[in-house]
file upload.txt (compact mmCIF, C-alpha atoms and all ligand atoms)
# COMPACT_ATOMS: atom_id res chain seq x y z
CA MET X 269 107.43 107.48 47.66
CA ILE X 270 111.06 106.50 47.23
CA LYS X 271 113.78 108.93 48.04
CA ALA X 272 117.43 108.28 47.24
CA GLU X 273 119.82 110.65 48.95
CA SER X 274 123.40 111.02 47.69
CA ILE X 275 123.77 107.37 46.71
CA ILE X 276 127.31 106.17 46.16
CA LYS X 277 128.05 102.53 45.36
CA GLU X 278 131.48 101.01 45.27
CA PHE X 279 132.55 97.45 44.53
CA GLY X 280 135.82 95.64 45.12
CA ASP X 281 139.16 96.35 46.66
CA PRO X 282 140.50 98.84 45.81
CA PRO X 283 136.96 100.22 45.67
CA GLN X 284 135.68 101.05 42.25
CA ARG X 285 132.94 103.64 42.21
CA ILE X 286 129.95 102.53 40.14
CA LEU X 287 127.30 105.05 41.22
CA HIS X 288 128.35 108.64 41.82
CA ASN X 289 126.24 110.63 44.22
CA ILE X 290 122.79 109.95 42.83
CA SER X 291 119.82 111.71 44.38
CA MET X 292 116.35 111.13 43.07
CA GLU X 293 112.74 110.76 44.08
CA ILE X 294 110.08 108.53 42.67
CA ASN X 295 106.65 109.75 43.62
CA LYS X 296 103.72 107.60 44.60
CA GLY X 297 101.96 106.39 41.46
CA GLU X 298 104.77 107.49 39.18
CA PHE X 299 106.13 105.37 36.34
CA VAL X 300 109.85 106.01 35.82
CA SER X 301 112.18 104.42 33.29
CA ILE X 302 115.94 104.09 33.68
CA SER X 303 118.05 103.77 30.54
CA GLY X 304 121.72 103.88 29.68
CA ARG X 305 124.29 101.70 28.01
CA SER X 306 125.43 98.33 29.33
CA GLY X 307 127.52 98.76 32.47
CA SER X 308 126.24 102.27 33.24
CA GLY X 309 124.85 101.11 36.61
CA LYS X 310 121.15 100.62 35.91
CA SER X 311 120.76 97.28 37.69
CA THR X 312 122.95 98.44 40.57
CA LEU X 313 120.76 101.51 41.04
CA LEU X 314 117.55 99.48 40.82
CA TYR X 315 118.79 97.02 43.45
CA ILE X 316 119.60 99.88 45.80
CA ILE X 317 116.39 101.88 45.39
CA SER X 318 114.40 98.68 45.85
CA SER X 319 116.16 97.83 49.16
CA LEU X 320 117.76 94.62 47.84
CA ASP X 321 121.28 96.02 48.08
CA GLU X 322 122.81 98.66 50.32
CA PRO X 323 124.54 101.80 49.12
CA THR X 324 128.16 102.33 50.20
CA PHE X 325 127.18 105.87 51.20
CA GLY X 326 123.83 107.63 51.22
CA HIS X 327 120.32 106.72 52.27
CA ILE X 328 117.16 105.23 50.81
CA TYR X 329 113.75 106.08 52.19
CA ILE X 330 110.68 104.09 51.22
CA ASP X 331 107.43 105.72 52.34
CA GLY X 332 109.48 107.89 54.69
CA LYS X 333 111.23 104.95 56.36
CA ASN X 334 115.00 104.77 56.22
CA VAL X 335 115.54 101.28 54.79
CA THR X 336 118.88 100.79 56.56
CA HIS X 337 117.12 101.25 59.90
CA MET X 338 114.50 98.58 59.28
CA SER X 339 114.91 95.19 60.95
CA VAL X 340 115.38 92.10 58.77
CA ASP X 341 111.88 90.84 59.63
CA GLU X 342 110.36 94.22 58.95
CA ILE X 343 112.01 94.46 55.56
CA HIS X 344 111.03 90.90 54.54
CA GLU X 345 107.42 91.52 55.44
CA PHE X 346 107.48 94.86 53.63
CA ARG X 347 108.95 93.33 50.48
CA ASN X 348 106.54 90.40 50.40
CA ARG X 349 103.53 92.59 50.80
CA HIS X 350 104.36 95.79 48.97
CA ILE X 351 107.08 95.18 46.40
CA GLY X 352 107.09 93.20 43.17
CA PHE X 353 110.50 92.45 41.68
CA ILE X 354 111.20 91.47 38.12
CA PHE X 355 114.89 90.68 37.77
CA GLN X 356 117.07 90.83 34.70
CA PHE X 357 117.97 87.20 35.31
CA HIS X 358 114.84 85.61 36.70
CA TYR X 359 115.02 83.69 39.89
CA LEU X 360 112.37 80.99 39.81
CA LEU X 361 112.69 78.13 42.23
CA PRO X 362 113.59 75.13 40.05
CA GLU X 363 111.70 72.54 42.12
CA LEU X 364 108.39 74.43 42.04
CA THR X 365 105.91 74.57 39.14
CA ALA X 366 105.07 77.82 37.39
CA LEU X 367 101.88 78.15 39.42
CA GLU X 368 103.69 77.43 42.69
CA ASN X 369 106.38 79.99 41.85
CA ILE X 370 103.74 82.63 41.15
CA LEU X 371 102.03 81.83 44.45
CA LEU X 372 105.21 82.07 46.56
CA PRO X 373 104.59 85.61 47.91
CA PRO X 374 101.03 84.86 49.11
CA ARG X 375 102.17 81.48 50.43
CA ASN X 376 104.80 83.21 52.58
CA LEU X 377 102.03 85.39 54.00
CA GLY X 378 99.61 82.47 54.55
CA LEU X 379 97.26 83.69 51.81
CA LEU X 380 97.66 80.92 49.26
CA LYS X 381 93.99 80.07 48.62
CA LYS X 382 92.93 83.68 48.30
CA TYR X 383 95.37 84.37 45.47
CA GLU X 384 95.03 81.19 43.41
CA PRO X 385 92.34 82.60 41.07
CA ARG X 386 94.45 85.67 40.43
CA ALA X 387 97.48 83.49 39.63
CA ASN X 388 95.43 81.64 37.01
CA MET X 389 94.16 84.93 35.59
CA LEU X 390 97.76 86.19 35.25
CA LEU X 391 98.83 82.95 33.52
CA GLU X 392 96.07 83.56 30.95
CA LYS X 393 96.82 87.22 30.56
CA LEU X 394 100.52 86.60 29.98
CA ASN X 395 99.80 83.88 27.40
CA ILE X 396 101.31 81.04 29.43
CA PRO X 397 98.40 78.96 30.78
CA HIS X 398 100.13 75.82 29.41
CA THR X 399 103.07 76.34 31.78
CA ARG X 400 100.87 76.10 34.90
CA ASN X 401 102.08 72.69 36.13
CA LYS X 402 105.52 72.66 34.54
CA LEU X 403 108.87 73.21 36.21
CA PRO X 404 111.04 76.19 35.18
CA GLY X 405 113.55 73.81 33.54
CA GLN X 406 110.79 72.71 31.14
CA LEU X 407 110.02 76.29 30.03
CA SER X 408 111.61 78.59 27.46
CA GLY X 409 113.48 81.67 28.66
CA GLY X 410 110.60 83.94 27.66
CA GLU X 411 108.07 81.72 29.44
CA GLN X 412 110.17 81.75 32.59
CA GLN X 413 110.39 85.51 32.36
CA ARG X 414 106.60 85.80 32.20
CA VAL X 415 106.20 83.46 35.19
CA ALA X 416 108.54 85.79 37.10
CA ILE X 417 106.42 88.76 35.99
CA ALA X 418 103.23 87.05 37.19
CA ARG X 419 104.92 86.41 40.54
CA ALA X 420 105.83 90.10 40.78
CA LEU X 421 102.23 91.12 40.07
CA ILE X 422 100.41 88.55 42.20
CA MET X 423 100.12 90.60 45.42
CA GLU X 424 99.11 93.80 43.60
CA PRO X 425 102.16 95.46 45.15
CA SER X 426 102.44 99.22 45.70
CA TYR X 427 105.84 99.14 43.97
CA ILE X 428 107.17 97.25 40.98
CA PHE X 429 110.87 97.21 40.19
CA ALA X 430 111.54 95.70 36.79
CA ASP X 431 114.96 95.09 35.22
CA GLU X 432 114.66 94.51 31.46
CA PRO X 433 111.37 92.61 31.84
CA THR X 434 110.98 92.35 28.08
CA GLY X 435 114.58 91.21 27.45
CA ASN X 436 113.78 87.63 26.45
CA LEU X 437 110.46 88.28 24.75
CA ASP X 438 109.33 88.60 21.14
CA THR X 439 107.62 91.84 20.16
CA ALA X 440 104.07 90.58 20.72
CA ASN X 441 104.75 89.29 24.23
CA ALA X 442 106.95 92.27 25.12
CA GLU X 443 104.01 94.50 24.28
CA ILE X 444 101.68 92.42 26.42
CA VAL X 445 104.07 92.84 29.35
CA MET X 446 104.50 96.58 28.81
CA ASN X 447 100.75 97.05 28.54
CA ILE X 448 100.19 95.16 31.79
CA LEU X 449 102.75 97.38 33.53
CA LYS X 450 101.20 100.55 32.12
CA GLU X 451 97.69 99.37 32.99
CA THR X 452 98.73 98.41 36.55
CA ASN X 453 100.28 101.86 36.96
CA LYS X 454 97.20 103.69 35.65
CA GLU X 455 94.48 101.57 37.25
CA LYS X 456 96.01 100.65 40.61
CA GLY X 457 98.35 103.61 41.01
CA THR X 458 101.31 101.23 41.30
CA THR X 459 104.66 103.01 41.45
CA ILE X 460 106.97 101.53 38.82
CA ALA X 461 110.70 101.78 38.14
CA LEU X 462 111.58 100.09 34.86
CA VAL X 463 115.07 99.50 33.52
CA THR X 464 115.03 99.13 29.76
CA HIS X 465 117.29 99.72 26.79
CA ASP X 466 114.32 100.02 24.45
CA PRO X 467 113.63 103.72 23.72
CA ASP X 468 109.96 103.09 22.86
CA TYR X 469 109.33 101.32 26.18
CA ALA X 470 111.34 103.93 28.10
CA ALA X 471 109.08 106.59 26.56
CA MET X 472 105.98 104.87 27.97
CA ALA X 473 107.03 106.10 31.42
CA ASP X 474 106.00 109.42 32.97
CA ARG X 475 109.67 110.27 33.39
CA GLU X 476 112.83 108.95 31.74
CA ILE X 477 116.13 108.87 33.60
CA PHE X 478 119.37 108.32 31.68
CA LEU X 479 122.50 106.99 33.33
CA VAL X 480 125.99 107.56 31.95
CA ASP X 481 128.85 105.93 33.85
CA GLY X 482 127.00 105.99 37.15
CA HIS X 483 125.79 109.58 36.85
CA VAL X 484 122.28 110.76 36.03
CA SER X 485 122.93 112.55 32.77
CA GLU X 486 119.44 113.82 32.13
CA THR X 487 115.85 113.26 32.98
CA TYR X 488 113.08 113.78 30.53
CA THR X 489 109.45 114.25 31.32
CA GLY X 490 107.03 113.58 28.49
CA ASP X 491 104.43 116.22 27.42
N1 LIG X 501 128.79 92.66 42.53
C1 LIG X 501 129.61 93.38 41.76
N2 LIG X 501 130.93 93.36 41.96
C2 LIG X 501 131.77 94.10 41.20
N3 LIG X 501 131.38 94.89 40.18
C3 LIG X 501 130.07 94.95 39.92
C4 LIG X 501 129.10 94.20 40.69
N4 LIG X 501 127.88 94.46 40.20
C5 LIG X 501 128.06 95.31 39.17
N5 LIG X 501 129.37 95.61 39.00
C6 LIG X 501 129.92 96.52 37.99
O1 LIG X 501 129.19 97.73 38.03
C7 LIG X 501 128.99 98.24 36.71
C8 LIG X 501 127.51 98.48 36.52
O2 LIG X 501 126.83 97.21 36.50
P1 LIG X 501 125.27 97.11 36.29
O3 LIG X 501 124.92 95.69 36.36
O4 LIG X 501 124.57 98.03 37.23
O5 LIG X 501 125.12 97.68 34.79
P2 LIG X 501 123.82 97.78 33.87
O6 LIG X 501 123.68 99.21 33.48
O7 LIG X 501 122.67 97.14 34.54
O8 LIG X 501 124.28 96.94 32.58
P3 LIG X 501 123.40 95.97 31.62
O9 LIG X 501 122.65 96.89 30.69
O10 LIG X 501 124.46 95.20 30.89
O11 LIG X 501 122.52 95.12 32.45
C9 LIG X 501 129.60 97.24 35.76
O12 LIG X 501 130.86 97.70 35.38
C10 LIG X 501 129.71 95.98 36.59
O13 LIG X 501 130.80 95.20 36.18
MG MG X 502 121.60 95.40 34.19
call {"tool": "encode", "arguments": {"input": "upload.txt", "output": "structure tokens", "more": "lines below"}}
Ligand SMILES: Nc1ncnc2c1ncn2[C@@H]1O[C@H](COP(=O)(O)OP(=O)(O)OP(=O)(O)O)[C@@H](O)[C@H]1O
Ligand SMILES: [Mg+2]
result
Amino acid sequence: MIKAESIIKEFGDPPQRILHNISMEINKGEFVSISGRSGSGKSTLLYIISSLDEPTFGHIYIDGKNVTHMSVDEIHEFRNRHIGFIFQFHYLLPELTALENILLPPRNLGLLKKYEPRANMLLEKLNIPHTRNKLPGQLSGGEQQRVAIARALIMEPSYIFADEPTGNLDTANAEIVMNILKETNKEKGTTIALVTHDPDYAAMADREIFLVDGHVSETYTGD
């Protein structure tokens, strides 16, 4: 479970407040979407609840552990093993092939061989088997995005944080990605926080959170 307690985020000097006292919980196995217009603070919130950035004030607890109290080693190990990130602007390593990028998390844990079949399965599933031995610079934006998605899924993480994962994709491939996320949530009980501006994809979540100018304006639970 993720618990955000009175999260305030400020940037700059003089400080400009971007997130205003946000408290929320994401339960184990829950699929939550976060929507709101450009600049409302969606990415900032996702970075904070996923432990990649620190709040200016407030606390984040992941599985009961206060993230700010974890050591650097502890948090790296935790991220590699339990968290899959899909960023709005994907961060593939340019000198590694698609397959090598996907296999980075298991490689860091010394589990490369064990996960190679799964990496190939994900390449097939995401419609990008032809990218296997190519470098990111030789791929289209949408192909790179799907390589980043495969990398996020490779370890079967307990948590997936996804920032506009369908942003660069045509409808057919966006639907493939959304279906994989939904299926992973249903079948493996993966907890998912998805930032999206697409109302149909937001509605695929168990709960929809809307941000307006750094405030949670409403949450909507389907059914
Ligand atoms: N590192 C930073 N330094 C200063 N301001 C920042 C920083 N990161 C974000 N901001 C500001 O915080 C606000 C929220 O940004 P954020 O990226 O969270 O928006 P968003 O809702 O994800 O928008 P989009 O839909 O365009 O991705 C914006 O006004 C942005 O300029
Ligand atoms: Mg954003």
call {"tool": "closest_residue", "arguments": {"input": "upload.txt", "among": "X:Lys296, X:His288, X:Arg414, X:Lys393", "to": "X:Ala461", "atoms": "all atoms listed in the file"}}
result
X:Lys296
call {"tool": "closest_residue", "arguments": {"input": "upload.txt", "among": "X:Asp438, X:Glu411, X:Glu476, X:Glu278", "to": "ligand LIG 501 (chain X)", "atoms": "all atoms listed in the file"}}
result
X:Glu278
call {"tool": "closest_atom_pairs", "arguments": {"input": "upload.txt", "of": "stretch 289-339 of chain X", "to": "stretch 273-276 of chain X", "cutoff": "12 Å", "atoms": "all atoms listed in the file", "output": "CSV"}}
result
residue,atom,partner,partner_atom,distance
X:Asn289,CA,X:Ser274,CA,4.5
X:Ile290,CA,X:Ile275,CA,4.8
X:Ser291,CA,X:Glu273,CA,4.7
X:Met292,CA,X:Glu273,CA,6.8
X:Glu293,CA,X:Glu273,CA,8.6
X:Ile294,CA,X:Glu273,CA,11.8
X:Gly309,CA,X:Ile276,CA,11.1
X:Thr312,CA,X:Ile276,CA,10.5
X:Leu313,CA,X:Ile275,CA,8.7
X:Leu314,CA,X:Ile275,CA,11.6
X:Tyr315,CA,X:Ile275,CA,11.9
X:Ile316,CA,X:Ile275,CA,8.6
X:Ile317,CA,X:Ile275,CA,9.3
X:Asp321,CA,X:Ile275,CA,11.7
X:Glu322,CA,X:Ile275,CA,9.5
X:Pro323,CA,X:Ile276,CA,6.0
X:Thr324,CA,X:Ile276,CA,5.6
X:Phe325,CA,X:Ile276,CA,5.1
X:Gly326,CA,X:Ile275,CA,4.5
X:His327,CA,X:Glu273,CA,5.2
X:Ile328,CA,X:Glu273,CA,6.3
X:Tyr329,CA,X:Glu273,CA,8.3
X:Ile330,CA,X:Glu273,CA,11.5
X:Asn334,CA,X:Glu273,CA,10.5
X:Val335,CA,X:Glu273,CA,11.8
call {"tool": "residues_around", "arguments": {"input": "upload.txt", "residues": "X:Phe478", "least_positions_apart": "3", "cutoff": "6 Å", "atoms": "all atoms listed in the file", "output": "JSON, numbers by chain"}}
result
{"X": [302, 303, 304, 484, 485, 486]}
call {"tool": "residues_near_ligand", "arguments": {"input": "upload.txt", "ligand": "ligand LIG 501 (chain X)", "cutoff": "9 Å", "atoms": "only C-alpha atoms and all ligand atoms", "output": "ChimeraX atom specification"}}
result
/X:277-280,284-287,303-315,356,431-432,463-465,479-482
call {"tool": "closest_residue", "arguments": {"input": "upload.txt", "among": "X:Gly405, X:Pro433, X:Pro282, X:Pro373", "to": "ligand MG 502 (chain X)", "atoms": "all atoms listed in the file"}}
result
X:Pro433
call {"tool": "closest_residue", "arguments": {"input": "upload.txt", "among": "X:Leu372, X:Leu462, X:Leu437, X:Leu390", "to": "ligand MG 502 (chain X)", "atoms": "all atoms listed in the file"}}
result
X:Leu462
call {"tool": "closest_residue", "arguments": {"input": "upload.txt", "among": "X:Ala430, X:Ile460, X:Leu403, X:Gly378", "to": "ligand MG 502 (chain X)", "atoms": "only C-alpha atoms and all ligand atoms"}}
result
X:Ala430
call {"tool": "closest_residue", "arguments": {"input": "upload.txt", "among": "X:Ile422, X:Asn295, X:Ile354, X:Asn388", "to": "ligand MG 502 (chain X)", "atoms": "only C-alpha atoms and all ligand atoms"}}
result
X:Ile354
call {"tool": "residues_around", "arguments": {"input": "upload.txt", "residues": "X:Thr399", "least_positions_apart": "4", "cutoff": "9 Å", "atoms": "all atoms listed in the file", "output": "list of chain:residue names"}}
result
X:Thr365, X:Ala366, X:Leu367, X:Leu391, X:Leu403, X:Pro404, X:Gln406, X:Leu407, X:Glu411, X:Gln412, X:Val415
call {"tool": "residues_around", "arguments": {"input": "upload.txt", "residues": "X:His344", "least_positions_apart": "5", "cutoff": "12 Å", "atoms": "all atoms listed in the file", "output": "list in words"}}
result
Ser319, Leu320, Val335, Met338, Ser339, Arg349, His350, Ile351, Pro373, Asn376 and Leu377 of chain X
call {"tool": "write_last_selection", "arguments": {"input": "upload.txt", "atoms": "C-alpha atoms", "output": "PDB file, in the frame of the given file"}}
result
ATOM      1  CA  SER X 319     116.160  97.830  49.160  1.00  0.00           C
ATOM      2  CA  LEU X 320     117.760  94.620  47.840  1.00  0.00           C
ATOM      3  CA  VAL X 335     115.540 101.280  54.790  1.00  0.00           C
ATOM      4  CA  MET X 338     114.500  98.580  59.280  1.00  0.00           C
ATOM      5  CA  SER X 339     114.910  95.190  60.950  1.00  0.00           C
ATOM      6  CA  ARG X 349     103.530  92.590  50.800  1.00  0.00           C
ATOM      7  CA  HIS X 350     104.360  95.790  48.970  1.00  0.00           C
ATOM      8  CA  ILE X 351     107.080  95.180  46.400  1.00  0.00           C
ATOM      9  CA  PRO X 373     104.590  85.610  47.910  1.00  0.00           C
ATOM     10  CA  ASN X 376     104.800  83.210  52.580  1.00  0.00           C
ATOM     11  CA  LEU X 377     102.030  85.390  54.000  1.00  0.00           C
TER      12      LEU X 377
END
